[in-house]
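upload04.cif follows; it contains mmCIF, C-alpha atoms and all ligand atoms.
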```
data_protein
#
loop_
_atom_site.label_atom_id
_atom_site.label_comp_id
_atom_site.auth_asym_id
_atom_site.auth_seq_id
_atom_site.Cartn_x
_atom_site.Cartn_y
_atom_site.Cartn_z
CA MET A 1 100.68 82.60 18.10
CA ILE A 2 102.71 80.09 16.11
CA GLU A 3 104.04 81.33 12.77
CA ILE A 4 105.15 78.89 10.10
CA HIS A 5 107.12 80.25 7.23
CA ASN A 6 107.85 78.37 4.02
CA ILE A 7 108.29 74.89 5.51
CA GLU A 8 109.58 72.23 3.14
CA LYS A 9 110.12 68.54 3.88
CA SER A 10 111.02 65.65 1.58
CA PHE A 11 111.59 61.94 2.15
CA ASP A 12 114.02 60.25 -0.25
CA GLY A 13 113.55 63.05 -2.73
CA ASN A 14 109.74 62.95 -2.51
CA PRO A 15 108.42 66.35 -1.41
CA VAL A 16 105.74 66.05 1.28
CA LEU A 17 105.56 69.68 2.44
CA LYS A 18 106.05 72.15 -0.41
CA GLY A 19 106.60 75.56 1.13
CA ILE A 20 103.85 75.88 3.71
CA SER A 21 103.27 79.22 5.42
CA CYS A 22 100.48 79.73 7.94
CA THR A 23 99.72 80.90 11.45
CA PHE A 24 98.10 79.17 14.39
CA GLU A 25 96.32 81.87 16.34
CA THR A 26 96.27 82.28 20.12
CA GLY A 27 93.04 81.51 21.96
CA LYS A 28 91.64 79.73 18.94
CA CYS A 29 91.08 76.20 17.71
CA ASN A 30 93.27 76.01 14.60
CA LEU A 31 92.32 73.02 12.47
CA LEU A 32 94.74 71.36 10.07
CA LEU A 33 92.35 69.87 7.56
CA GLY A 34 93.06 67.59 4.64
CA GLY A 35 92.73 64.10 3.21
CA SER A 36 94.99 61.17 3.98
CA GLY A 37 98.63 61.61 3.08
CA THR A 38 98.48 65.38 2.52
CA GLY A 39 101.18 66.08 5.09
CA LYS A 40 99.22 67.09 8.21
CA SER A 41 101.12 64.80 10.59
CA VAL A 42 104.48 65.65 9.05
CA LEU A 43 103.74 69.36 9.48
CA LEU A 44 102.68 68.81 13.09
CA GLN A 45 105.83 66.81 13.80
CA CYS A 46 107.96 69.61 12.31
CA VAL A 47 106.16 72.18 14.46
CA VAL A 48 106.62 70.29 17.74
CA GLY A 49 110.23 69.44 16.93
CA LEU A 50 109.88 65.69 16.44
CA MET A 51 111.04 66.15 12.86
CA GLN A 52 113.44 68.65 11.32
CA PRO A 53 112.12 70.54 8.26
CA ASP A 54 114.50 70.82 5.30
CA LEU A 55 113.72 74.51 4.90
CA GLY A 56 111.71 77.26 6.55
CA SER A 57 111.17 78.60 10.05
CA ILE A 58 108.76 78.14 12.94
CA THR A 59 108.22 80.83 15.57
CA PHE A 60 106.41 80.45 18.89
CA ASP A 61 105.17 83.82 20.18
CA GLY A 62 108.10 85.56 18.54
CA THR A 63 110.79 83.03 19.53
CA VAL A 64 112.32 81.10 16.65
CA PHE A 65 112.05 77.36 17.35
CA SER A 66 113.60 75.63 14.36
CA ASN A 67 117.43 75.70 14.33
CA ASN A 68 117.60 77.53 17.65
CA LYS A 69 119.76 76.57 20.65
CA VAL A 70 118.82 73.33 22.42
CA GLN A 71 117.96 75.27 25.60
CA VAL A 72 115.52 77.56 23.74
CA ARG A 73 113.91 74.59 22.00
CA GLN A 74 113.53 72.78 25.34
CA GLU A 75 111.91 75.85 26.90
CA ILE A 76 109.33 75.93 24.11
CA ARG A 77 108.79 72.16 24.27
CA ARG A 78 107.94 72.45 27.97
CA LYS A 79 105.01 74.66 26.99
CA ILE A 80 103.61 72.11 24.52
CA GLY A 81 100.83 69.70 25.48
CA MET A 82 100.08 66.77 23.16
CA LEU A 83 96.94 64.73 22.78
CA PHE A 84 97.94 61.68 20.76
CA GLN A 85 95.68 59.88 18.31
CA GLY A 86 95.24 56.69 20.33
CA SER A 87 95.40 58.67 23.61
CA ALA A 88 98.76 56.88 24.31
CA LEU A 89 98.11 56.30 28.00
CA PHE A 90 100.48 54.13 30.02
CA ASP A 91 98.47 50.93 30.53
CA SER A 92 100.33 49.99 33.72
CA MET A 93 99.55 53.30 35.47
CA THR A 94 96.29 54.53 36.98
CA VAL A 95 94.50 57.45 35.35
CA ALA A 96 95.84 59.80 38.07
CA LYS A 97 99.42 58.55 37.60
CA ASN A 98 99.11 59.10 33.84
CA VAL A 99 98.15 62.74 34.44
CA GLU A 100 100.89 63.17 37.03
CA PHE A 101 103.57 61.77 34.73
CA PRO A 102 104.40 65.00 32.81
CA LEU A 103 104.47 66.93 36.09
CA GLU A 104 107.13 64.57 37.42
CA MET A 105 109.10 64.99 34.19
CA LEU A 106 108.71 68.72 33.61
CA THR A 107 108.15 70.36 36.99
CA PRO A 108 110.47 68.70 39.52
CA GLU A 109 110.11 71.79 41.72
CA MET A 110 106.51 70.83 42.53
CA SER A 111 105.95 68.98 45.81
CA ARG A 112 104.08 65.68 45.80
CA GLU A 113 101.09 67.42 47.37
CA GLU A 114 101.07 70.19 44.73
CA ARG A 115 101.23 67.54 42.02
CA ARG A 116 98.32 65.66 43.57
CA ASP A 117 96.26 68.87 43.74
CA ARG A 118 97.04 69.68 40.13
CA VAL A 119 96.08 66.16 39.00
CA GLU A 120 92.82 66.43 40.93
CA PHE A 121 92.11 69.84 39.38
CA CYS A 122 92.82 68.64 35.82
CA LEU A 123 90.76 65.46 36.18
CA LYS A 124 87.88 67.54 37.53
CA ARG A 125 88.25 69.97 34.64
CA VAL A 126 87.75 67.18 32.11
CA GLY A 127 84.85 65.67 34.06
CA LEU A 128 86.72 62.67 35.49
CA GLU A 129 86.93 63.57 39.17
CA ASN A 130 86.08 60.02 40.25
CA ALA A 131 88.24 58.12 37.78
CA GLY A 132 91.73 58.73 39.21
CA ASP A 133 92.14 55.22 40.62
CA LYS A 134 90.95 53.42 37.50
CA MET A 135 93.29 51.72 35.05
CA PRO A 136 93.13 52.72 31.35
CA SER A 137 91.73 49.27 30.50
CA GLU A 138 88.72 50.02 32.72
CA ILE A 139 87.60 53.21 30.95
CA SER A 140 85.93 53.99 27.61
CA GLY A 141 87.60 55.51 24.52
CA GLY A 142 86.01 58.89 25.24
CA MET A 143 87.26 58.82 28.83
CA LYS A 144 90.74 57.94 27.58
CA LYS A 145 90.67 61.06 25.40
CA ARG A 146 89.65 63.10 28.45
CA VAL A 147 92.57 61.64 30.41
CA GLY A 148 94.82 62.53 27.46
CA ILE A 149 93.54 66.11 27.58
CA ALA A 150 94.03 66.30 31.36
CA ARG A 151 97.59 65.02 30.93
CA ALA A 152 98.29 67.52 28.15
CA ILE A 153 97.12 70.53 30.17
CA ALA A 154 98.55 69.39 33.53
CA PRO A 155 101.85 71.29 33.13
CA ASN A 156 99.96 74.51 32.20
CA CYS A 157 100.63 74.24 28.49
CA THR A 158 100.60 77.33 26.27
CA TYR A 159 100.25 75.30 23.08
CA LEU A 160 98.00 72.26 22.70
CA PHE A 161 98.41 69.88 19.77
CA CYS A 162 95.73 67.25 19.15
CA ASP A 163 96.22 64.53 16.56
CA GLU A 164 92.78 63.42 15.36
CA PRO A 165 91.08 63.70 18.75
CA ASN A 166 87.89 62.11 17.39
CA SER A 167 89.39 58.96 15.93
CA GLY A 168 87.54 55.88 17.13
CA LEU A 169 84.75 57.83 18.87
CA ASP A 170 81.02 57.87 18.15
CA PRO A 171 79.58 61.20 16.88
CA LEU A 172 78.15 62.34 20.23
CA THR A 173 81.34 61.56 22.17
CA SER A 174 83.34 63.27 19.39
CA LEU A 175 81.22 66.38 19.80
CA LYS A 176 81.77 66.41 23.55
CA ILE A 177 85.54 66.02 23.14
CA ASP A 178 85.55 68.84 20.56
CA GLU A 179 83.59 71.06 22.94
CA LEU A 180 85.94 70.26 25.80
CA ILE A 181 89.00 71.16 23.71
CA GLN A 182 87.34 74.39 22.62
CA GLU A 183 86.35 75.35 26.19
CA ILE A 184 89.88 74.73 27.44
CA THR A 185 91.34 76.74 24.55
CA TYR A 186 89.17 79.77 25.37
CA GLU A 187 89.43 79.42 29.14
CA TYR A 188 93.24 79.33 29.23
CA ASN A 189 93.77 81.36 26.04
CA ILE A 190 96.07 78.71 24.59
CA THR A 191 97.03 78.11 20.98
CA THR A 192 95.36 74.87 19.98
CA VAL A 193 96.18 72.96 16.79
CA ILE A 194 93.99 70.03 15.82
CA ILE A 195 94.62 67.59 12.99
CA THR A 196 91.34 66.42 11.56
CA HIS A 197 89.46 65.27 8.51
CA ASP A 198 86.15 65.42 10.32
CA MET A 199 83.73 67.97 8.83
CA ASN A 200 81.68 67.88 12.05
CA SER A 201 84.67 69.30 13.95
CA VAL A 202 85.21 71.89 11.23
CA ILE A 203 81.67 73.18 11.55
CA GLU A 204 81.65 73.02 15.36
CA ILE A 205 85.02 74.36 16.45
CA GLY A 206 86.85 75.62 13.34
CA ASP A 207 87.87 79.10 14.49
CA HIS A 208 90.72 78.98 11.99
CA ILE A 209 91.02 76.24 9.39
CA ILE A 210 94.05 75.50 7.25
CA PHE A 211 93.38 73.21 4.31
CA LEU A 212 96.31 71.12 3.07
CA TYR A 213 96.35 69.33 -0.25
CA LYS A 214 99.32 67.32 -1.56
CA GLY A 215 101.76 69.20 0.65
CA LEU A 216 100.42 72.66 -0.18
CA LYS A 217 98.27 75.05 1.81
CA LEU A 218 95.41 75.75 -0.56
CA TRP A 219 93.09 77.71 1.69
CA ASP A 220 92.63 79.11 5.17
CA GLY A 221 89.64 80.76 6.82
CA THR A 222 86.91 80.24 9.39
CA LYS A 223 84.06 77.77 9.77
CA ASP A 224 81.69 80.50 8.57
CA GLU A 225 83.67 80.95 5.36
CA ILE A 226 84.50 77.35 4.46
CA LEU A 227 81.18 76.36 2.89
CA ASN A 228 81.54 79.22 0.40
CA ALA A 229 85.22 78.60 -0.39
CA GLN A 230 85.88 78.56 -4.11
CA VAL A 231 88.87 76.18 -4.15
CA PRO A 232 87.87 73.08 -6.17
CA GLU A 233 89.98 70.65 -4.11
CA LEU A 234 88.47 71.98 -0.88
CA LYS A 235 84.94 71.88 -2.28
CA GLU A 236 85.49 68.27 -3.32
CA PHE A 237 86.77 67.47 0.18
CA ILE A 238 83.86 69.20 1.92
CA PHE A 239 81.18 67.63 -0.24
CA SER A 240 82.64 64.14 0.17
CA SER A 241 81.09 64.35 3.67
CA SER A 242 77.66 62.69 3.64
CA LEU A 243 76.49 65.03 6.38
CA VAL A 244 77.36 68.15 4.39
CA ARG A 245 75.77 66.65 1.25
CA ALA A 246 72.59 65.90 3.19
CA ALA A 247 72.50 69.42 4.67
CA LYS A 248 73.01 70.94 1.22
CA ARG A 249 70.24 68.80 -0.24
CA ILE A 250 67.79 69.94 2.46
CA ASP A 251 68.90 73.54 1.93
CA ASP A 252 68.42 73.27 -1.87
CA GLU A 253 65.03 71.65 -1.46
CA THR A 254 63.90 74.27 1.05
CA HIS A 255 64.93 77.12 -1.22
CA SER A 256 63.34 75.56 -4.30
CA GLY A 257 60.18 74.85 -2.33
CA VAL A 258 60.54 71.07 -2.84
CA ALA A 259 60.71 70.37 0.91
CA SER A 260 57.30 71.91 1.47
CA LEU A 261 55.58 69.95 -1.31
N1 LIG A 301 109.07 59.17 8.34
C1 LIG A 301 108.63 59.13 7.08
N2 LIG A 301 109.39 58.60 6.10
C2 LIG A 301 108.97 58.59 4.81
N3 LIG A 301 107.77 59.06 4.39
C3 LIG A 301 106.98 59.60 5.33
C4 LIG A 301 107.36 59.66 6.72
N4 LIG A 301 106.35 60.26 7.39
C5 LIG A 301 105.39 60.54 6.48
N5 LIG A 301 105.76 60.14 5.26
C6 LIG A 301 104.98 60.33 4.02
O1 LIG A 301 104.55 61.66 3.96
C7 LIG A 301 103.25 61.75 3.37
C8 LIG A 301 102.34 62.56 4.28
O2 LIG A 301 102.11 61.80 5.46
P1 LIG A 301 101.29 62.35 6.70
O3 LIG A 301 101.34 61.28 7.75
O4 LIG A 301 101.77 63.69 7.07
O5 LIG A 301 99.82 62.45 6.10
P2 LIG A 301 98.50 62.91 6.82
O6 LIG A 301 97.97 64.07 6.06
O7 LIG A 301 98.73 63.10 8.27
O8 LIG A 301 97.56 61.65 6.56
P3 LIG A 301 96.54 60.86 7.51
O9 LIG A 301 95.33 61.74 7.63
O10 LIG A 301 96.24 59.62 6.75
O11 LIG A 301 97.21 60.58 8.83
C9 LIG A 301 102.79 60.32 3.15
O12 LIG A 301 102.99 59.99 1.79
C10 LIG A 301 103.69 59.50 4.04
O13 LIG A 301 103.91 58.22 3.51
#
```
How would this structure read if it were set down as structure tokens?
Amino acid sequence: MIEIHNIEKSFDGNPVLKGISCTFETGKCNLLLGGSGTGKSVLLQCVVGLMQPDLGSITFDGTVFSNNKVQVRQEIRRKIGMLFQGSALFDSMTVAKNVEFPLEMLTPEMSREERRDRVEFCLKRVGLENAGDKMPSEISGGMKKRVGIARAIAPNCTYLFCDEPNSGLDPLTSLKIDELIQEITYEYNITTVIITHDMNSVIEIGDHIIFLYKGLKLWDGTKDEILNAQVPELKEFIFSSSLVRAAKRIDDETHSGVASL
């Protein structure tokens, strides 16, 4: 579990995170939800140590991360897998080499053969057992995301952070990527944090959703609770989704008997 306590962050005197406290639960898909510019990426960067918060603390399974010794921070960082928004694969390396890269960096004790086996296992796990020799330019956007996931889990991560894993994907591919992330989260009991503004993901995989608005946490709960949330800013966000509006319209019509006329 990752615990965030009263995180504040400003840029040039402009507050972006205004005292955020929340938890990311183990074995669950924790979604950071919110509109553009609400501070999701800044919060994620503070959590993974790419940015220093001005105030507050972050704890990974009981170990304080922020302001701790470099060695402790490095230990925690080694347990973090990242899936970047644009997949961020190395274009000059094959798919297999991309997945092997963090193993070379983080687990020098592994032999070349062990690394190869692990790469093979991870590529198989994400459904890309035959793509190891391909170059990133030869595969689709959805496959790139799968490679990104394989690379993130290769060093046996305990925490998986995904920055908008559905960006640039069609709805069906998005759904499959969401399902893959959820399966991996449950299978390895990892703490997964996903930045999203996609209501489809919320409804599909939102085990725990944290709604940010203008640097504040306004709500948290599950996918089963979100449609009944009584926070006006969240309601506005949810019902800006055409899909949710359409579903609500059908529901209203069904209950008023209009749909059967
Ligand atoms: N390094 C930085 N320097 C100055 N301002 C920054 C920096 N990083 C982020 N910001 C500002 O912080 C605010 C929140 O940005 P952030 O990227 O966290 O939003 P977001 O919720 O992730 O949005 P989106 O969904 O569009 O990616 C924005 O106003 C942004 O301009």
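Distances from A:Ser87, A:Ser111, A:Asn30, A:Thr191 to Gly141 (chain A) were compared using all atoms listed in the file, and the smallest one belongs to A:Ser87.
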- prompt: Using all atoms listed in the file, which residue out of A:Ser36, A:Asp198, A:Lys28, A:Asp252 lies closest to Gln182 (chain A)?
  reply: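 Distance minimum relative to Gln182 (chain A) lands on A:Lys28.
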Residue nearest Ile149 (chain A) among A:Lys97, A:His197, A:Lys134, A:Arg125 (counting all atoms listed in the file):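 Of A:Lys97, A:His197, A:Lys134, A:Arg125, the one nearest Ile149 (chain A), counting all atoms listed in the file, is A:Arg125.
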- request: All residues within 9 Å of ligand LIG 301 (chain A) are required, counting only C-alpha atoms and all ligand atoms; please report them as number ranges by chain.
  value: A: 9-12, 14-17, 32-45, 51, 163-164, 195-197, 212-215
Exercise: Ile80 (chain A) partners within 10 Å, all atoms listed in the file, chain neighbours under 4 positions left out, as number ranges by chain: A: 48, 74-76, 152-153, 155-161, 191-192
Can you write out the residues you just picked, keeping C-alpha atoms, as an mmCIF file, in the frame of the given file?
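Wrote part.cif, looks like this:
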```cif
data_model
loop_
_atom_site.group_PDB
_atom_site.id
_atom_site.type_symbol
_atom_site.label_atom_id
_atom_site.label_comp_id
_atom_site.auth_asym_id
_atom_site.auth_seq_id
_atom_site.Cartn_x
_atom_site.Cartn_y
_atom_site.Cartn_z
ATOM 1 C CA VAL A 48 106.620 70.290 17.740
ATOM 2 C CA GLN A 74 113.530 72.780 25.340
ATOM 3 C CA GLU A 75 111.910 75.850 26.900
ATOM 4 C CA ILE A 76 109.330 75.930 24.110
ATOM 5 C CA ALA A 152 98.290 67.520 28.150
ATOM 6 C CA ILE A 153 97.120 70.530 30.170
ATOM 7 C CA PRO A 155 101.850 71.290 33.130
ATOM 8 C CA ASN A 156 99.960 74.510 32.200
ATOM 9 C CA CYS A 157 100.630 74.240 28.490
ATOM 10 C CA THR A 158 100.600 77.330 26.270
ATOM 11 C CA TYR A 159 100.250 75.300 23.080
ATOM 12 C CA LEU A 160 98.000 72.260 22.700
ATOM 13 C CA PHE A 161 98.410 69.880 19.770
ATOM 14 C CA THR A 191 97.030 78.110 20.980
ATOM 15 C CA THR A 192 95.360 74.870 19.980
#
```
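CA of Arg118 (chain A) lies 18.5 Å from CA of Met143 (chain A).
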query: So, counting all atoms listed in the file, which residue among A:Glu8, A:Leu123, A:Phe211, A:Ser137 is closest to Phe237 (chain A)?
result: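 That would be A:Phe211, the residue with the smallest distance to Phe237 (chain A).
CA of Cys46 (chain A) sits 17.6 Å away from CA of Gln71 (chain A).
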message: Please compute the CA of Glu187 (chain A)-CA of Ser21 (chain A) distance, one decimal, in Å.
response: 27.5 Å
I'd like the contact shell of Leu128 (chain A) - 10 Å cut-off, only C-alpha atoms, skipping same-chain residues fewer than 3 positions apart - returned as a PDB file with C-alpha atoms, keeping the file's coordinate frame.
```pdb
ATOM      1  CA  VAL A  95      94.500  57.450  35.350  1.00  0.00           C
ATOM      2  CA  ALA A  96      95.840  59.800  38.070  1.00  0.00           C
ATOM      3  CA  GLU A 120      92.820  66.430  40.930  1.00  0.00           C
ATOM      4  CA  PHE A 121      92.110  69.840  39.380  1.00  0.00           C
ATOM      5  CA  CYS A 122      92.820  68.640  35.820  1.00  0.00           C
ATOM      6  CA  LEU A 123      90.760  65.460  36.180  1.00  0.00           C
ATOM      7  CA  LYS A 124      87.880  67.540  37.530  1.00  0.00           C
ATOM      8  CA  ARG A 125      88.250  69.970  34.640  1.00  0.00           C
ATOM      9  CA  ALA A 131      88.240  58.120  37.780  1.00  0.00           C
ATOM     10  CA  GLY A 132      91.730  58.730  39.210  1.00  0.00           C
ATOM     11  CA  MET A 143      87.260  58.820  28.830  1.00  0.00           C
ATOM     12  CA  ARG A 146      89.650  63.100  28.450  1.00  0.00           C
ATOM     13  CA  VAL A 147      92.570  61.640  30.410  1.00  0.00           C
ATOM     14  CA  ALA A 150      94.030  66.300  31.360  1.00  0.00           C
TER      15      ALA A 150
END
```
field: From A:Leu31, A:Leu55, A:Met105, A:Ile139, residue lying nearest Lys223 (chain A) [only C-alpha atoms]
entry: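 Checking each candidate against Lys223 (chain A), we get A:Leu31 as the closest.
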